[in-house]
Amino acid sequence: MYWLAARNGVVALPRCRPLALLLRPPPRKCGSVVPSPILIGQFRRIRCFKDQKVVRGSRKTTKKLSALTNFVDERALSNILWWKERMHMCRKPSTVQLVKRLDYSNLLGLDVNLKNGSLKEGTLNWEILQFKSKFPREVLLCRVGDFYEALGIDACVLVEYAGLNPFGGLRSDSIPRAGCPVVNLRQTLDDLTRNGFSVCIVEEVQGPTQARSRKGRFISGHAHPGSPYVFGLVGVDHDLDFPEPMPVVGISRSARGYCINFVLETMKTYSSEDGLTEEALVAKLRTCRYHHLFLHASLRNNFSGTCRWGEFGEGGLLWGECNGRHFEWFEGNPVSELLSKVRDLYGLDNEVTFRNVTVFSENRPQPLSLGTATQIGAIPTEGIPCLLKVLLPSNCSGLPALYVRDLLLNPPSYDISSTIQATCRLMSSITCSIPEFTCVSPAKLVKLLELREANHIEFCRIKNVLDEILHMHKNPELGKILKLLMDPTWVATGLKIDFETLVNECECASDRIGEMISLEGEHDQNLSSFPVVPSDFFEDMECSWKGRIKRIHIEEAFAEVEKAAEALSIAVTEDFMPILSRIKATSAPLGGPKGEILYAREHEAVWFKGKRFAPTVWAGTPGEEQIKQLKPAIDSKGRKVGEEWFTTMKVEDALTRYHEAGAKAKTRVLELLRELSSDLQAKINILVFASMLLVIAKALFAHVSEGRRRKWVFPALGESSWSENVKPLRRENRMEIIGLSPYWLNVAEGSAVNNTVDMQSLFLLTGPNGGGKSSLLRSICAAALLGVCGFMVPAQSALIPHFDSIMLHMKSYDSPADGKSSFQVEMAEIRSIVSGATKRSLVLVDEICRGTETAKGTCIAGSIVETLDAIGCLGIISTHLHGIFSLPLNTKNTVHKAMGTVYVDGQPKPTWKLMDGICRESLAFETAKREGIPESIIERAEGLYQSVYANEVIGGKIDTKLEEFCSTGFNNFDRSHAQSSSGRAEAVDGTGSVNNMEVLQEVESAITLICQKMLVELDNEKASGLADIQCIPIHVREQPPPSTVGASCVYVIFRPDRKLYVGQTDDLEGRVRTHRSKEGMQKAYFLYFTVPGKSLACQLETLLINQLPNQGFHLSNVADVQLLLSIKYSAVSIGFVARDDAPGSLYLLE
């Protein structure tokens, strides 16, 4: 009752506006529900209570509180109700005690009668209330000195969700207050946003203030779930982890089905998907971490005619998903009203526009339903093999993995899927090295550039993105891939950009960044260095701005800092060094004078620290005059630092001059960085498009590499199977998969039983328990989905139509929250499948109607089979209800299939092979026994079975047709493991600065000469395909192409000490990654060439190790050479002989 009343109360009232926004046009009214009299009465009582209390005070205070109460009633009531609802959810004992001290008469929840609760104009509390009124549903953190403080309701949130302790303990006479130190702000924001709260941060204006005046404050930024706080990032020298943006979601109902709208405040974009099934909608909610959820009033009406949404039939699944979440109702146009809600939620002006990035396509398949996505692991589910983990290598995560997941959940149209497959085919065949593909979140780009908070690190990453696009454009092989990726990127971003425009704008933006940002390798901005000044001082003072902007743009500021640093060095030399010389010249036992020049990091100063250095008798000796000039060092607040710290006026003046020069230089650097952000905002669409293109490229390259490693293949896509204007491929309405293996098993390891599926109609599948029915359905579903998305499939060859929907139903569980049994849940899912299936659909149902009594369940199953048969879709219905074969079914296209069994020692065993016919053997007793059911139970069950089904059992024993449903034997598993590569992986200690093209050419020429000479000496058959050795370089920030996966390669590393390292491997990508993971080897250069076979690669490796030193090259493989020679001489005794002209090679004696 409370929830309903609170929700009605929130929706019924007009949308409030903060004081600072009252000059805007009046907002539209929202909702038509009558306000709850219970809650309005509560606030009337609060107002009356306040009036009675104030009567005993002054008339002036009474007027102010009366005005405040009226403001609450008229403007902020809905927001206070919203916060009150959340305060009732607090569970920590300390938070519960704080909540008792709240007074819901203002947005802060402050009780003015408690200590520090005054809201008098001009106080800090009053100022915080003004900021709170601008963003009433955000937690407000206000900077006060070295802390960020929160009051009232916000303090309770910090204690409950951020684990902070209240200020002043739990004193009952003071308002709730809490906060965090400045250094812990990021952690506190993470805790709050992780729990779904938005935070408004108020900063102090830095710099000196007049006496008896409070510092000015301003709203510096916001932190939302999925959108972190970035204020001040432009001035730091580290990157910020940027999470996946979290949209505001609105759900409505239309004539086509369910509709879901996503609004991204960070990107200022929105997208809409209409015509969704209830299951597909729930799948989207499960995979989307959203900021706020809004439900449209159209969802209240269902086909049963009742206003109690979700009580009967359709809508129950969605209601169960939303019922446990926070959501709000809204009315009006589902899109425009949702955008209005977003503007209110984030405090945006009405003039802020959102770009529609929806890409409409009539031929796009339906999104996956929740059951389908979970049963194939597209949504990670416990106990289900995860499809994402086998599509990509383990080291590929983040944005590329998210793209692949979204593509699986929302399969593309035929045009896009065929483009993706064509791109993957090219990626599989190229021989050139590929870029690293720098992945930058588009949301991060937009926010940092919009707020002008991008630092030099981010600009370098942006330039890497642009340069990699240009690198792909200039390379003939990669250029074709770049053009193909344009359309998939358009679909992913909603941005339609011409190819030439992309290249030209990338070049322009890259040049602009290169002109401004100081790139790696430039050494014209060294830190100041003087012998008498500690180096730590200059490092701390100058590292915050040097090395960010090219010196030519801040030459004047550089010169001023250098002069100030030199003046500081002179001052320290003249005032401190004579004292140090005097101390060193004084020889005394323990307890003598001490002194040194040190850097006081906390005070950012260079001072003299010493004791017992003053002379007992002043005799005019060297250093006495400087000692007289010393004075105690003081901090920024005028307090004495300590008894041992001293300075002089000259040193202090030099320090002040140096700090002023450094601050001026840093300010100029930040100004230039912000100017660059402003310049690049005009190209934000290009940057977003380019960054997303590289994300897609990295995802597809990673998929191709993993697919080749697993020996998967590209299927033939049969979009034309249902096209009226194009000749169909081979045969209409057909899916053929030869050598299909379960996607979670590695074919390369020989651990899978392959099946051939030639599907032209509906299959009615039977088989024993553990016979592989569920695995077959899951494998077919995954293969079809991968083919529809343009990916490789786990098979030897495949023809896959472009289905308009892929639906998989497996086991169902009951839903106590919805009051539904497992059979009810199953029927709800079957209803969705039947209503959404067409002749272009793939329908897979495992063990249909298992949740009810056999006779009626069999008849329901038979009727469903008839319905799907009439529709003409492809699919498989598996069942243990063998009575279905006795029903007079009216089917024309349904084929009986079975999972094979074979008798071994008189016992039936599964073969996991698909075959024609019917299998009536369930292996139920054997399965129960294998899982540990007591033998007594099994024996009793067998006796009952014999007594009831004796005739059927006897008839089954002499039925010769049983052999038709059994295969001939088990499949022999080949579990041979891939042979590990033998290339050396010794420690490498440097990155190698070998960037001279002449050296590369010399090494390449020597390799070609040595290897071709050996190949000529081999017999013609072995040398026929190896006439040309083609060495391919792998430069810095490049990696081998997917064509090297599984290929034998010989490679050479260029070490920083001008030495070479020779190795061979069958996994060049992994070997390159291993070498570059060593300390200092991140920029190592490689040369490699491929050869047919590991044996030949080993011979060429040994030959190069022995012959390259003769060509004048230095090798680091000395230990390897000695080992190979010892093996060579030991091998002579078992029939091998060494060639004199090839000392590292062994040949079998004939």
# chains A, B, ... in the order shown; residues from 1 in each chain; ligands from 1
>>> residues_around(residues="Ala752 in chain A", least_positions_apart="4", cutoff="7 Å", atoms="only C-alpha atoms", output="number ranges by chain")
A: 741-742, 745, 747
>>> residues_around(residues="Leu98 in chain A", least_positions_apart="2", cutoff="10 Å", atoms="only C-alpha atoms", output="list of chain:residue names")
A:Met87, A:Lys92, A:Pro93, A:Ser94, A:Thr95, A:Val96, A:Lys100, A:Arg101, A:Leu102, A:Gly152, A:Ile153, A:Ala155, A:Cys156, A:Val159, A:Pro166, A:Gly169, A:Leu170, A:Arg171, A:Ser172, A:Ser174, A:Ile175, A:Pro176, A:Arg177
>>> residues_around(residues="Ser863 in chain A", least_positions_apart="5", cutoff="12 Å", atoms="only C-alpha atoms", output="PyMOL selection string")
chain A and resi 830+834+848-849+856-858+868-870+884+887-891
>>> residues_around(residues="range 181-183 of chain A", least_positions_apart="4", cutoff="9 Å", atoms="only C-alpha atoms", output="VMD selection string")
chain A and resid 143 145 to 149 187
>>> closest_residue(among="A:Leu765, A:Glu671, A:Ile937, A:Met516", to="His882 in chain A", atoms="only C-alpha atoms")
A:Leu765
>>> residues_around(residues="Trp545 in chain A", least_positions_apart="2", cutoff="10 Å", atoms="only C-alpha atoms", output="CSV table (one decimal) with N, CA and C atoms, in the first residue's frame")
chain,number,residue,atom,x,y,z
A,235,GLY,N,44.3,18.3,-15.9
A,235,GLY,CA,45.5,18.7,-15.3
A,235,GLY,C,46.3,17.5,-14.7
A,236,VAL,N,45.8,16.3,-14.8
A,236,VAL,CA,46.5,15.2,-14.1
A,236,VAL,C,47.2,14.4,-15.2
A,237,ASP,N,48.1,13.5,-14.7
A,237,ASP,CA,49.0,12.7,-15.6
A,237,ASP,C,48.6,11.2,-15.6
A,456,HIS,N,46.5,15.3,-21.9
A,456,HIS,CA,47.4,14.9,-23.0
A,456,HIS,C,47.4,13.4,-23.2
A,541,MET,N,57.3,19.9,-9.1
A,541,MET,CA,56.8,21.2,-9.5
A,541,MET,C,56.5,21.2,-11.0
A,542,GLU,N,57.3,20.5,-11.8
A,542,GLU,CA,57.3,20.7,-13.3
A,542,GLU,C,56.6,19.5,-14.0
A,543,CYS,N,56.6,18.4,-13.3
A,543,CYS,CA,56.0,17.2,-14.0
A,543,CYS,C,54.5,17.4,-14.3
A,547,GLY,N,56.0,18.4,-20.8
A,547,GLY,CA,55.8,17.2,-21.6
A,547,GLY,C,54.4,17.0,-22.1
A,548,ARG,N,53.5,18.0,-22.0
A,548,ARG,CA,52.1,17.9,-22.5
A,548,ARG,C,51.9,18.7,-23.8
A,549,ILE,N,52.4,19.9,-23.8
A,549,ILE,CA,52.3,20.7,-25.0
A,549,ILE,C,53.6,21.0,-25.6
A,662,GLY,N,55.8,28.9,-12.5
A,662,GLY,CA,55.3,27.6,-12.8
A,662,GLY,C,53.8,27.6,-12.9
A,663,ALA,N,53.1,28.3,-12.0
A,663,ALA,CA,51.6,28.4,-12.1
A,663,ALA,C,51.2,29.0,-13.4
A,665,ALA,N,52.8,28.9,-16.2
A,665,ALA,CA,53.1,28.0,-17.3
A,665,ALA,C,52.0,26.9,-17.3
A,666,LYS,N,51.7,26.4,-16.1
A,666,LYS,CA,50.6,25.3,-16.0
A,666,LYS,C,49.3,25.8,-16.5
A,667,THR,N,49.0,27.1,-16.1
A,667,THR,CA,47.7,27.6,-16.6
A,667,THR,C,47.6,27.7,-18.1
A,668,ARG,N,48.8,28.1,-18.7
A,668,ARG,CA,48.8,28.3,-20.1
A,668,ARG,C,48.7,26.9,-20.8
A,669,VAL,N,49.3,25.9,-20.2
A,669,VAL,CA,49.2,24.5,-20.8
A,669,VAL,C,47.7,24.0,-20.7
A,670,LEU,N,47.1,24.2,-19.6
A,670,LEU,CA,45.7,23.8,-19.5
A,670,LEU,C,44.8,24.6,-20.4
>>> closest_residue(among="A:Lys1013, A:Thr372, A:Glu926, A:Tyr229", to="Leu777 in chain A", atoms="only C-alpha atoms")
A:Thr372
>>> closest_residue(among="A:Lys683, A:Lys609, A:His896, A:Arg343", to="Gly767 in chain A", atoms="only C-alpha atoms")
A:His896
>>> select_by_dssp(residues="range 789-879 of chain A", states="alpha helix (DSSP H)", output="JSON, numbers by chain")
{"A": [789, 822, 823, 824, 825, 826, 827, 828, 829, 830, 831, 832, 833, 834, 835, 836, 854, 855, 856, 857, 858, 859, 860, 861, 862, 863, 864, 865, 866, 867, 868, 869, 870, 871]}
>>> atom_distance(atom1="CA of Thr266 in chain A", atom2="CA of Arg286 in chain A")
21.6 Å
>>> atom_distance(atom1="CA of Phe714 in chain A", atom2="CA of Met735 in chain A")
14.1 Å
>>> residues_around(residues="Leu502 in chain A", least_positions_apart="3", cutoff="10 Å", atoms="only C-alpha atoms", output="ChimeraX atom specification")
/A:466,469-470,486,497-499,505-508,685-687,689-690
>>> write_last_selection(atoms="C-alpha atoms", output="PDB file, in the first residue's frame")
ATOM      1  CA  LEU A 466      43.217   8.414 -36.041  1.00  0.00           C
ATOM      2  CA  ILE A 469      42.629   4.518 -39.412  1.00  0.00           C
ATOM      3  CA  LEU A 470      45.110   6.258 -41.732  1.00  0.00           C
ATOM      4  CA  MET A 486      32.008   1.393 -42.808  1.00  0.00           C
ATOM      5  CA  ILE A 497      29.902   9.060 -42.947  1.00  0.00           C
ATOM      6  CA  ASP A 498      31.451   8.978 -46.391  1.00  0.00           C
ATOM      7  CA  PHE A 499      34.697   7.013 -46.692  1.00  0.00           C
ATOM      8  CA  GLU A 505      38.920  14.350 -41.377  1.00  0.00           C
ATOM      9  CA  CYS A 506      41.042  11.787 -39.544  1.00  0.00           C
ATOM     10  CA  GLU A 507      44.149  13.170 -41.193  1.00  0.00           C
ATOM     11  CA  CYS A 508      43.162  16.732 -40.334  1.00  0.00           C
ATOM     12  CA  ASN A 685      31.165  12.534 -35.007  1.00  0.00           C
ATOM     13  CA  ILE A 686      34.331  11.558 -36.875  1.00  0.00           C
ATOM     14  CA  LEU A 687      36.069  10.636 -33.627  1.00  0.00           C
ATOM     15  CA  PHE A 689      32.872   6.794 -35.769  1.00  0.00           C
ATOM     16  CA  ALA A 690      36.629   6.105 -35.934  1.00  0.00           C
TER      17      ALA A 690
END
>>> select_by_dssp(residues="range 730-942 of chain A", states="strand (DSSP E)", output="PyMOL selection string")
chain A and resi 735-740+755-759+762-766+797-801+805-809+841-845+874-878+894-904+907-916
>>> atom_distance(atom1="CA of Tyr1088 in chain A", atom2="CA of Val713 in chain A")
25.9 Å
